[in-house]
Amino acid sequence: MRSWKRLKKNKGAIIGLVIIVLSVLVAVFAYFIADDASPYANRIILEIGGNKPGFTQQFIKVKKEKTVRTASWFSRLMNGEEDPYYFIPINGYQEKGDSIIADKFIDEGLSEKIAYSRSQLASMPIVKQKFKLGTDKYGRDIYSRILVGTRVSLSVGLITVIISLTIGLILGSMAGYFRGRMDNIIMWFINVIWSIPTLLLVFAITLLLGKGFWQVFIAVGLTMWVNVARLVRGQILSIREMEYIEATRALGYGPVRTIVRHIWPNIMGPVLVIAASNFASAIVIEAGLSFLGVGVQPPQPSWGLMIKENYNFIITQNPMLALAPGFAIMILVLAFNLLGNGMRDAMSVREG
(Lines give C-alpha, C1' and ligand atoms only; values in the text may rest on other atoms or scores of the structure.)
Protein backbone atom coordinates (compact mmCIF):
# COMPACT_ATOMS: atom_id res chain seq x y z
CA MET A 1 0.00 0.00 0.00
CA ARG A 2 2.85 2.39 0.84
CA SER A 3 4.46 1.55 -2.50
CA TRP A 4 1.22 2.51 -4.31
CA LYS A 5 1.10 5.84 -2.44
CA ARG A 6 4.68 6.58 -3.48
CA LEU A 7 3.91 5.51 -7.05
CA LYS A 8 0.94 7.91 -7.25
CA LYS A 9 3.27 10.82 -6.48
CA ASN A 10 5.41 9.96 -9.53
CA LYS A 11 3.82 11.87 -12.43
CA GLY A 12 5.85 10.02 -15.07
CA ALA A 13 4.76 6.62 -13.76
CA ILE A 14 1.10 7.67 -13.64
CA ILE A 15 1.28 9.03 -17.19
CA GLY A 16 2.80 5.70 -18.28
CA LEU A 17 0.07 3.77 -16.43
CA VAL A 18 -2.68 5.86 -18.06
CA ILE A 19 -1.21 5.27 -21.53
CA ILE A 20 -1.00 1.52 -20.84
CA VAL A 21 -4.62 1.35 -19.59
CA LEU A 22 -5.83 3.31 -22.64
CA SER A 23 -3.81 0.99 -24.91
CA VAL A 24 -5.43 -2.07 -23.30
CA LEU A 25 -8.90 -0.58 -23.87
CA VAL A 26 -8.01 0.23 -27.48
CA ALA A 27 -6.70 -3.33 -28.00
CA VAL A 28 -9.87 -4.90 -26.57
CA PHE A 29 -12.37 -2.68 -28.42
CA ALA A 30 -10.25 -2.03 -31.53
CA TYR A 31 -12.88 -3.23 -34.02
CA PHE A 32 -15.55 -0.98 -32.46
CA ILE A 33 -13.30 2.08 -32.51
CA ALA A 34 -11.69 1.56 -35.93
CA ASP A 35 -13.18 3.12 -39.08
CA ASP A 36 -12.42 -0.15 -40.88
CA ALA A 37 -13.93 -2.99 -38.81
CA SER A 38 -13.14 -5.74 -41.33
CA PRO A 39 -10.92 -8.62 -40.07
CA TYR A 40 -7.36 -7.28 -39.57
CA ALA A 41 -8.60 -3.87 -40.87
CA ASN A 42 -7.73 -5.23 -44.29
CA ARG A 43 -10.16 -3.37 -46.58
CA ILE A 44 -8.04 -3.06 -49.74
CA ILE A 45 -8.92 -0.19 -52.11
CA LEU A 46 -5.93 0.05 -54.44
CA GLU A 47 -7.12 3.24 -56.19
CA ILE A 48 -6.61 5.35 -53.05
CA GLY A 49 -3.25 3.90 -51.94
CA GLY A 50 -0.52 6.10 -50.45
CA ASN A 51 -2.61 9.14 -49.49
CA LYS A 52 -1.66 11.62 -46.76
CA PRO A 53 -3.28 12.02 -43.30
CA GLY A 54 -6.64 13.80 -43.44
CA PHE A 55 -7.36 12.50 -46.95
CA THR A 56 -11.12 12.33 -47.68
CA GLN A 57 -12.79 10.13 -50.29
CA GLN A 58 -16.36 9.47 -51.38
CA PHE A 59 -17.47 5.86 -51.92
CA ILE A 60 -20.43 4.02 -53.38
CA LYS A 61 -21.29 0.84 -51.46
CA VAL A 62 -22.09 -2.08 -53.78
CA LYS A 63 -23.50 -5.32 -52.36
CA LYS A 64 -21.27 -8.39 -52.61
CA GLU A 65 -22.49 -11.34 -54.67
CA LYS A 66 -22.27 -13.71 -51.70
CA THR A 67 -24.35 -13.34 -48.57
CA VAL A 68 -22.30 -12.00 -45.67
CA ARG A 69 -23.66 -12.96 -42.27
CA THR A 70 -23.87 -10.32 -39.57
CA ALA A 71 -21.29 -11.09 -36.88
CA SER A 72 -22.32 -11.42 -33.25
CA TRP A 73 -21.13 -8.82 -30.75
CA PHE A 74 -18.49 -11.19 -29.36
CA SER A 75 -17.33 -12.30 -32.81
CA ARG A 76 -16.92 -8.69 -33.89
CA LEU A 77 -15.06 -7.90 -30.66
CA MET A 78 -12.58 -10.71 -31.32
CA ASN A 79 -12.20 -10.79 -35.11
CA GLY A 80 -14.04 -7.86 -36.65
CA GLU A 81 -16.81 -8.20 -39.22
CA GLU A 82 -16.53 -8.90 -42.92
CA ASP A 83 -17.75 -6.05 -45.13
CA PRO A 84 -21.06 -6.89 -46.86
CA TYR A 85 -20.26 -4.26 -49.50
CA TYR A 86 -17.52 -3.29 -51.94
CA PHE A 87 -16.30 0.28 -51.35
CA ILE A 88 -15.79 1.84 -54.78
CA PRO A 89 -14.17 5.29 -54.79
CA ILE A 90 -16.03 7.92 -56.81
CA ASN A 91 -15.56 11.58 -57.73
CA GLY A 92 -19.28 12.33 -57.95
CA TYR A 93 -22.66 10.79 -58.75
CA GLN A 94 -26.17 11.53 -59.96
CA GLU A 95 -29.46 9.74 -59.42
CA LYS A 96 -31.64 8.69 -62.36
CA GLY A 97 -34.85 6.89 -61.45
CA ASP A 98 -33.96 3.70 -59.66
CA SER A 99 -30.28 3.91 -60.72
CA ILE A 100 -27.21 5.80 -59.61
CA ILE A 101 -24.59 6.86 -62.15
CA ALA A 102 -21.19 7.65 -60.68
CA ASP A 103 -17.73 8.72 -61.82
CA LYS A 104 -15.46 5.93 -60.56
CA PHE A 105 -12.11 7.26 -59.39
CA ILE A 106 -9.25 5.35 -61.04
CA ASP A 107 -6.26 7.67 -60.64
CA GLU A 108 -5.48 11.36 -60.44
CA GLY A 109 -7.35 12.95 -63.37
CA LEU A 110 -8.68 9.58 -64.57
CA SER A 111 -12.21 8.25 -64.05
CA GLU A 112 -14.93 6.21 -65.75
CA LYS A 113 -18.72 6.15 -65.68
CA ILE A 114 -20.42 3.32 -63.77
CA ALA A 115 -24.11 2.68 -63.17
CA TYR A 116 -25.90 0.57 -60.56
CA SER A 117 -29.54 -0.10 -59.81
CA ARG A 118 -30.75 0.62 -56.28
CA SER A 119 -31.13 -3.12 -55.62
CA GLN A 120 -27.36 -3.59 -56.06
CA LEU A 121 -26.49 -0.95 -53.48
CA ALA A 122 -26.65 -0.45 -49.74
CA SER A 123 -29.64 1.37 -48.24
CA MET A 124 -27.31 4.36 -47.73
CA PRO A 125 -25.27 3.92 -50.92
CA ILE A 126 -22.99 6.98 -50.76
CA VAL A 127 -20.55 7.51 -47.89
CA LYS A 128 -17.67 9.89 -47.33
CA GLN A 129 -14.73 8.70 -45.24
CA LYS A 130 -11.85 10.66 -43.78
CA PHE A 131 -8.61 8.73 -43.39
CA LYS A 132 -7.13 10.32 -40.26
CA LEU A 133 -3.60 8.95 -40.79
CA GLY A 134 -3.81 8.34 -44.53
CA THR A 135 -3.79 5.08 -46.50
CA ASP A 136 -1.01 2.58 -47.16
CA LYS A 137 0.07 1.39 -50.62
CA TYR A 138 -2.88 -1.03 -50.71
CA GLY A 139 -5.40 1.66 -49.84
CA ARG A 140 -5.96 0.38 -46.29
CA ASP A 141 -6.73 2.77 -43.45
CA ILE A 142 -3.52 3.34 -41.41
CA TYR A 143 -5.47 4.59 -38.37
CA SER A 144 -7.59 1.42 -38.18
CA ARG A 145 -4.60 -0.86 -38.67
CA ILE A 146 -2.64 0.89 -35.89
CA LEU A 147 -5.58 0.37 -33.51
CA VAL A 148 -5.87 -3.34 -34.37
CA GLY A 149 -2.07 -3.67 -34.29
CA THR A 150 -2.11 -2.60 -30.63
CA ARG A 151 -3.35 -6.13 -29.89
CA VAL A 152 -0.20 -7.70 -31.30
CA SER A 153 2.18 -5.48 -29.34
CA LEU A 154 0.36 -5.89 -26.01
CA SER A 155 -0.18 -9.62 -26.56
CA VAL A 156 3.46 -10.32 -27.37
CA GLY A 157 4.51 -8.27 -24.35
CA LEU A 158 2.10 -10.03 -21.99
CA ILE A 159 2.87 -13.58 -23.13
CA THR A 160 6.60 -12.84 -23.23
CA VAL A 161 6.46 -11.62 -19.63
CA ILE A 162 4.48 -14.70 -18.54
CA ILE A 163 6.96 -17.08 -20.22
CA SER A 164 10.05 -15.21 -19.00
CA LEU A 165 8.72 -14.92 -15.43
CA THR A 166 7.78 -18.59 -15.32
CA ILE A 167 11.17 -19.85 -16.53
CA GLY A 168 13.16 -17.17 -14.71
CA LEU A 169 11.44 -17.67 -11.35
CA ILE A 170 11.81 -21.46 -11.46
CA LEU A 171 15.45 -21.61 -12.59
CA GLY A 172 16.54 -18.59 -10.52
CA SER A 173 14.87 -20.01 -7.43
CA MET A 174 16.48 -23.43 -7.89
CA ALA A 175 19.92 -21.88 -8.37
CA GLY A 176 19.64 -19.51 -5.41
CA TYR A 177 17.98 -21.87 -2.95
CA PHE A 178 19.84 -25.13 -3.56
CA ARG A 179 23.22 -23.57 -4.52
CA GLY A 180 26.14 -25.94 -5.07
CA ARG A 181 26.04 -28.14 -8.17
CA MET A 182 22.51 -27.05 -9.11
CA ASP A 183 23.60 -23.40 -9.03
CA ASN A 184 26.69 -24.12 -11.16
CA ILE A 185 24.71 -25.96 -13.85
CA ILE A 186 21.97 -23.32 -14.06
CA MET A 187 24.44 -20.42 -14.08
CA TRP A 188 26.45 -22.13 -16.83
CA PHE A 189 23.25 -22.44 -18.89
CA ILE A 190 22.31 -18.80 -18.16
CA ASN A 191 25.77 -17.60 -19.25
CA VAL A 192 25.55 -19.59 -22.50
CA ILE A 193 22.16 -18.05 -23.34
CA TRP A 194 23.43 -14.62 -22.19
CA SER A 195 26.37 -14.82 -24.61
CA ILE A 196 24.12 -15.26 -27.67
CA PRO A 197 22.82 -11.97 -29.15
CA THR A 198 19.07 -11.70 -28.45
CA LEU A 199 18.07 -11.08 -32.07
CA LEU A 200 20.17 -14.01 -33.29
CA LEU A 201 18.59 -16.31 -30.70
CA VAL A 202 15.10 -15.12 -31.67
CA PHE A 203 15.92 -15.79 -35.34
CA ALA A 204 17.04 -19.32 -34.50
CA ILE A 205 13.89 -20.09 -32.48
CA THR A 206 11.66 -18.48 -35.12
CA LEU A 207 13.25 -20.57 -37.88
CA LEU A 208 12.75 -23.66 -35.73
CA LEU A 209 9.09 -22.92 -34.90
CA GLY A 210 8.19 -21.20 -38.19
CA LYS A 211 6.81 -17.74 -38.93
CA GLY A 212 3.57 -16.60 -37.38
CA PHE A 213 1.64 -14.91 -34.59
CA TRP A 214 2.11 -17.43 -31.76
CA GLN A 215 5.62 -18.39 -32.78
CA VAL A 216 6.79 -14.80 -32.18
CA PHE A 217 5.40 -14.88 -28.63
CA ILE A 218 7.23 -18.09 -27.78
CA ALA A 219 10.47 -17.05 -29.50
CA VAL A 220 10.69 -13.69 -27.71
CA GLY A 221 9.60 -15.19 -24.37
CA LEU A 222 12.26 -17.90 -24.52
CA THR A 223 15.01 -15.28 -24.89
CA MET A 224 14.02 -12.86 -22.10
CA TRP A 225 14.01 -15.09 -19.02
CA VAL A 226 17.75 -14.74 -18.35
CA ASN A 227 17.44 -11.30 -16.66
CA VAL A 228 14.65 -12.60 -14.45
CA ALA A 229 16.59 -15.73 -13.45
CA ARG A 230 19.74 -13.76 -12.52
CA LEU A 231 17.71 -11.27 -10.48
CA VAL A 232 15.73 -13.99 -8.66
CA ARG A 233 18.90 -15.96 -7.88
CA GLY A 234 20.56 -12.89 -6.41
CA GLN A 235 17.51 -11.98 -4.33
CA ILE A 236 17.15 -15.52 -2.95
CA LEU A 237 20.87 -15.77 -2.11
CA SER A 238 20.51 -12.60 -0.05
CA ILE A 239 17.48 -13.76 1.99
CA ARG A 240 17.79 -17.58 2.19
CA GLU A 241 19.73 -17.39 5.48
CA MET A 242 17.28 -15.00 7.16
CA GLU A 243 15.49 -16.15 10.30
CA TYR A 244 12.03 -16.58 8.79
CA ILE A 245 13.46 -18.86 6.07
CA GLU A 246 15.38 -20.85 8.71
CA ALA A 247 12.10 -21.14 10.62
CA THR A 248 10.36 -22.76 7.65
CA ARG A 249 13.10 -25.41 7.53
CA ALA A 250 12.82 -25.99 11.28
CA LEU A 251 9.08 -26.52 10.86
CA GLY A 252 9.79 -29.17 8.23
CA TYR A 253 8.42 -27.26 5.22
CA GLY A 254 9.63 -28.56 1.85
CA PRO A 255 11.68 -26.39 -0.55
CA VAL A 256 8.72 -25.83 -2.90
CA ARG A 257 6.47 -24.48 -0.13
CA THR A 258 9.26 -22.33 1.28
CA ILE A 259 10.09 -20.82 -2.10
CA VAL A 260 6.52 -20.28 -3.34
CA ARG A 261 4.82 -19.15 -0.13
CA HIS A 262 7.60 -17.43 1.79
CA ILE A 263 10.33 -16.31 -0.64
CA TRP A 264 8.51 -15.28 -3.82
CA PRO A 265 6.11 -12.81 -2.10
CA ASN A 266 9.14 -11.00 -0.65
CA ILE A 267 11.01 -10.61 -3.95
CA MET A 268 8.06 -9.66 -6.17
CA GLY A 269 8.93 -5.95 -6.10
CA PRO A 270 12.17 -6.23 -8.11
CA VAL A 271 10.63 -8.95 -10.29
CA LEU A 272 7.70 -6.68 -11.28
CA VAL A 273 10.14 -3.89 -12.16
CA ILE A 274 12.10 -6.16 -14.51
CA ALA A 275 8.80 -7.51 -15.91
CA ALA A 276 7.85 -3.96 -17.01
CA SER A 277 11.26 -3.59 -18.66
CA ASN A 278 10.85 -6.95 -20.44
CA PHE A 279 7.40 -5.89 -21.64
CA ALA A 280 8.88 -2.82 -23.34
CA SER A 281 11.79 -4.82 -24.80
CA ALA A 282 9.39 -7.47 -26.18
CA ILE A 283 7.39 -4.80 -28.05
CA VAL A 284 10.56 -3.49 -29.72
CA ILE A 285 11.85 -6.99 -30.58
CA GLU A 286 8.48 -8.03 -32.07
CA ALA A 287 8.40 -4.86 -34.18
CA GLY A 288 11.94 -5.59 -35.39
CA LEU A 289 11.10 -9.18 -36.28
CA SER A 290 7.96 -8.12 -38.17
CA PHE A 291 9.96 -5.44 -40.00
CA LEU A 292 12.45 -8.11 -41.08
CA GLY A 293 9.62 -10.38 -42.25
CA VAL A 294 10.02 -13.21 -39.71
CA GLY A 295 7.40 -12.03 -37.23
CA VAL A 296 3.68 -11.49 -37.66
CA GLN A 297 2.62 -12.26 -41.22
CA PRO A 298 0.30 -10.22 -43.51
CA PRO A 299 -2.52 -9.32 -43.54
CA GLN A 300 -2.43 -9.23 -39.73
CA PRO A 301 -1.42 -5.70 -38.72
CA SER A 302 1.75 -5.30 -36.69
CA TRP A 303 3.39 -1.93 -36.14
CA GLY A 304 6.76 -3.25 -37.31
CA LEU A 305 5.19 -4.80 -40.41
CA MET A 306 3.40 -1.51 -41.17
CA ILE A 307 6.74 0.33 -41.07
CA LYS A 308 8.19 -2.25 -43.48
CA GLU A 309 5.26 -1.88 -45.89
CA ASN A 310 5.45 1.91 -45.94
CA TYR A 311 9.07 2.88 -45.20
CA ASN A 312 9.67 3.78 -48.86
CA PHE A 313 7.24 6.69 -48.40
CA ILE A 314 9.71 8.30 -45.93
CA ILE A 315 11.92 9.52 -48.77
CA THR A 316 8.97 10.46 -50.98
CA GLN A 317 5.97 12.69 -50.40
CA ASN A 318 4.32 10.96 -47.44
CA PRO A 319 6.58 9.98 -44.50
CA MET A 320 3.70 9.82 -41.97
CA LEU A 321 2.59 6.42 -43.29
CA ALA A 322 5.71 4.86 -41.78
CA LEU A 323 6.22 7.34 -38.93
CA ALA A 324 2.72 6.84 -37.42
CA PRO A 325 3.30 3.18 -36.37
CA GLY A 326 6.82 4.18 -35.29
CA PHE A 327 5.38 6.83 -32.96
CA ALA A 328 2.92 4.23 -31.62
CA ILE A 329 5.83 1.90 -30.73
CA MET A 330 7.75 4.77 -29.14
CA ILE A 331 4.81 5.95 -26.98
CA LEU A 332 3.92 2.46 -25.69
CA VAL A 333 7.55 1.53 -24.94
CA LEU A 334 8.05 4.88 -23.19
CA ALA A 335 4.92 4.23 -21.10
CA PHE A 336 6.24 0.88 -19.85
CA ASN A 337 9.68 2.35 -19.13
CA LEU A 338 8.12 5.25 -17.17
CA LEU A 339 5.98 2.81 -15.19
CA GLY A 340 8.96 0.50 -14.56
CA ASN A 341 11.13 3.39 -13.32
CA GLY A 342 8.28 4.58 -11.08
CA MET A 343 7.80 1.09 -9.63
CA ARG A 344 11.53 0.83 -8.95
CA ASP A 345 11.52 4.12 -7.04
CA ALA A 346 8.29 3.30 -5.18
CA MET A 347 9.59 -0.09 -4.05
CA SER A 348 12.99 1.37 -3.14
CA VAL A 349 14.81 -0.92 -5.57
CA ARG A 350 18.31 0.28 -6.26
CA GLU A 351 20.51 -0.87 -9.10
CA GLY A 352 24.09 -1.94 -8.61
# chains A, B, ... in the order shown; residues from 1 in each chain; ligands from 1
>>> select_by_dssp(residues="segment 134-256 of chain A", states="helix (DSSP H, G or I)", output="PyMOL selection string")
chain A and resi 142-178+180-195+198-209+213-221+225-239+243-250+255-256
>>> atom_distance(atom1="atom CA of Ser3 of chain A", atom2="atom CA of Met224 of chain A")
26.1 Å
>>> closest_atom_pairs(of="segment 119-206 of chain A", to="segment 78-82 of chain A", cutoff="12 Å", atoms="only C-alpha atoms", output="JSON lines")
{"residue": "A:Ser144", "atom": "CA", "partner": "A:Gly80", "partner_atom": "CA", "distance": 11.4}
{"residue": "A:Arg145", "atom": "CA", "partner": "A:Gly80", "partner_atom": "CA", "distance": 11.9}
{"residue": "A:Val148", "atom": "CA", "partner": "A:Gly80", "partner_atom": "CA", "distance": 9.6}
{"residue": "A:Arg151", "atom": "CA", "partner": "A:Met78", "partner_atom": "CA", "distance": 10.4}
>>> select_by_dssp(residues="segment 27-239 of chain A", states="strand (DSSP E or B)", output="PyMOL selection string")
chain A and resi 55-63+85-96+99-107+110-117+121-131+135+141
>>> closest_atom_pairs(of="segment 266-336 of chain A", to="segment 230-250 of chain A", cutoff="8 Å", atoms="only C-alpha atoms", output="CSV")
residue,atom,partner,partner_atom,distance
A:Ile267,CA,A:Gln235,CA,6.7
A:Pro270,CA,A:Leu231,CA,7.9
A:Val271,CA,A:Val232,CA,7.4
>>> residues_around(residues="segment 55-57 of chain A", least_positions_apart="5", cutoff="8 Å", atoms="only C-alpha atoms", output="JSON, numbers by chain")
{"A": [89, 90, 128, 129, 130, 131, 132, 134]}
>>> atom_distance(atom1="atom CA of Met347 of chain A", atom2="atom CA of Arg6 of chain A")
8.3 Å
>>> residues_around(residues="Leu165 of chain A", least_positions_apart="6", cutoff="8 Å", atoms="only C-alpha atoms", output="PyMOL selection string")
chain A and resi 225+228+275
>>> write_last_selection(atoms="C-alpha atoms", output="PDB file, in the first residue's frame")
ATOM      1  CA  TRP A 225      14.006 -15.092 -19.020  1.00  0.00           C
ATOM      2  CA  VAL A 228      14.652 -12.601 -14.451  1.00  0.00           C
ATOM      3  CA  ALA A 275       8.805  -7.505 -15.912  1.00  0.00           C
TER       4      ALA A 275
END
>>> atom_distance(atom1="atom CA of Val28 of chain A", atom2="atom CA of Ser72 of chain A")
15.6 Å
>>> residues_around(residues="Ile190 of chain A", least_positions_apart="4", cutoff="10 Å", atoms="only C-alpha atoms", output="list in words")
Gly168, Leu171, Gly172, Asn184, Ile185, Ile186, Trp194, Ser195, Trp225, Val226, Asn227, Ala229 and Arg230 of chain A
>>> write_last_selection(atoms="N, CA and C atoms", output="PDB file, in the first residue's frame")
ATOM      1  N   GLY A 168      12.195 -17.875 -15.547  1.00  0.00           N
ATOM      2  CA  GLY A 168      13.158 -17.167 -14.709  1.00  0.00           C
ATOM      3  C   GLY A 168      12.963 -17.430 -13.226  1.00  0.00           C
ATOM      4  N   LEU A 171      14.003 -21.338 -12.529  1.00  0.00           N
ATOM      5  CA  LEU A 171      15.445 -21.605 -12.593  1.00  0.00           C
ATOM      6  C   LEU A 171      16.224 -20.754 -11.592  1.00  0.00           C
ATOM      7  N   GLY A 172      15.858 -19.477 -11.471  1.00  0.00           N
ATOM      8  CA  GLY A 172      16.537 -18.594 -10.521  1.00  0.00           C
ATOM      9  C   GLY A 172      16.358 -19.057  -9.084  1.00  0.00           C
ATOM     10  N   ASN A 184      25.655 -24.144 -10.119  1.00  0.00           N
ATOM     11  CA  ASN A 184      26.694 -24.123 -11.157  1.00  0.00           C
ATOM     12  C   ASN A 184      26.128 -24.489 -12.525  1.00  0.00           C
ATOM     13  N   ILE A 185      25.281 -25.523 -12.572  1.00  0.00           N
ATOM     14  CA  ILE A 185      24.710 -25.960 -13.849  1.00  0.00           C
ATOM     15  C   ILE A 185      23.798 -24.883 -14.432  1.00  0.00           C
ATOM     16  N   ILE A 186      22.913 -24.333 -13.575  1.00  0.00           N
ATOM     17  CA  ILE A 186      21.967 -23.317 -14.064  1.00  0.00           C
ATOM     18  C   ILE A 186      22.700 -22.049 -14.475  1.00  0.00           C
ATOM     19  N   TRP A 194      23.077 -16.046 -22.298  1.00  0.00           N
ATOM     20  CA  TRP A 194      23.426 -14.621 -22.194  1.00  0.00           C
ATOM     21  C   TRP A 194      24.430 -14.212 -23.277  1.00  0.00           C
ATOM     22  N   SER A 195      25.304 -15.144 -23.652  1.00  0.00           N
ATOM     23  CA  SER A 195      26.367 -14.821 -24.610  1.00  0.00           C
ATOM     24  C   SER A 195      25.866 -14.739 -26.052  1.00  0.00           C
ATOM     25  N   TRP A 225      14.102 -14.609 -20.399  1.00  0.00           N
ATOM     26  CA  TRP A 225      14.006 -15.092 -19.020  1.00  0.00           C
ATOM     27  C   TRP A 225      15.327 -14.961 -18.256  1.00  0.00           C
ATOM     28  N   VAL A 226      16.423 -14.738 -18.976  1.00  0.00           N
ATOM     29  CA  VAL A 226      17.748 -14.736 -18.349  1.00  0.00           C
ATOM     30  C   VAL A 226      17.859 -13.623 -17.294  1.00  0.00           C
ATOM     31  N   ASN A 227      17.394 -12.406 -17.627  1.00  0.00           N
ATOM     32  CA  ASN A 227      17.444 -11.296 -16.665  1.00  0.00           C
ATOM     33  C   ASN A 227      16.668 -11.637 -15.401  1.00  0.00           C
ATOM     34  N   ALA A 229      15.930 -14.654 -14.208  1.00  0.00           N
ATOM     35  CA  ALA A 229      16.593 -15.732 -13.455  1.00  0.00           C
ATOM     36  C   ALA A 229      17.773 -15.187 -12.640  1.00  0.00           C
ATOM     37  N   ARG A 230      18.589 -14.322 -13.244  1.00  0.00           N
ATOM     38  CA  ARG A 230      19.738 -13.757 -12.525  1.00  0.00           C
ATOM     39  C   ARG A 230      19.283 -12.916 -11.332  1.00  0.00           C
TER      40      ARG A 230
END
>>> closest_residue(among="A:Ile283, A:Glu95, A:Asn10, A:Gln300", to="Leu334 of chain A", atoms="only C-alpha atoms")
A:Ile283
>>> closest_residue(among="A:Ser119, A:Ser75, A:Ser173, A:Thr206", to="Phe32 of chain A", atoms="only C-alpha atoms")
A:Ser75
>>> residues_around(residues="Lys308 of chain A", least_positions_apart="4", cutoff="8 Å", atoms="only C-alpha atoms", output="count of residues only")
5
>>> closest_residue(among="A:Leu169, A:Val68, A:Ile60, A:Met124", to="Val260 of chain A", atoms="only C-alpha atoms")
A:Leu169
>>> closest_residue(among="A:Ile146, A:Ile159, A:Ile100, A:Gly252", to="Asp35 of chain A", atoms="only C-alpha atoms")
A:Ile146
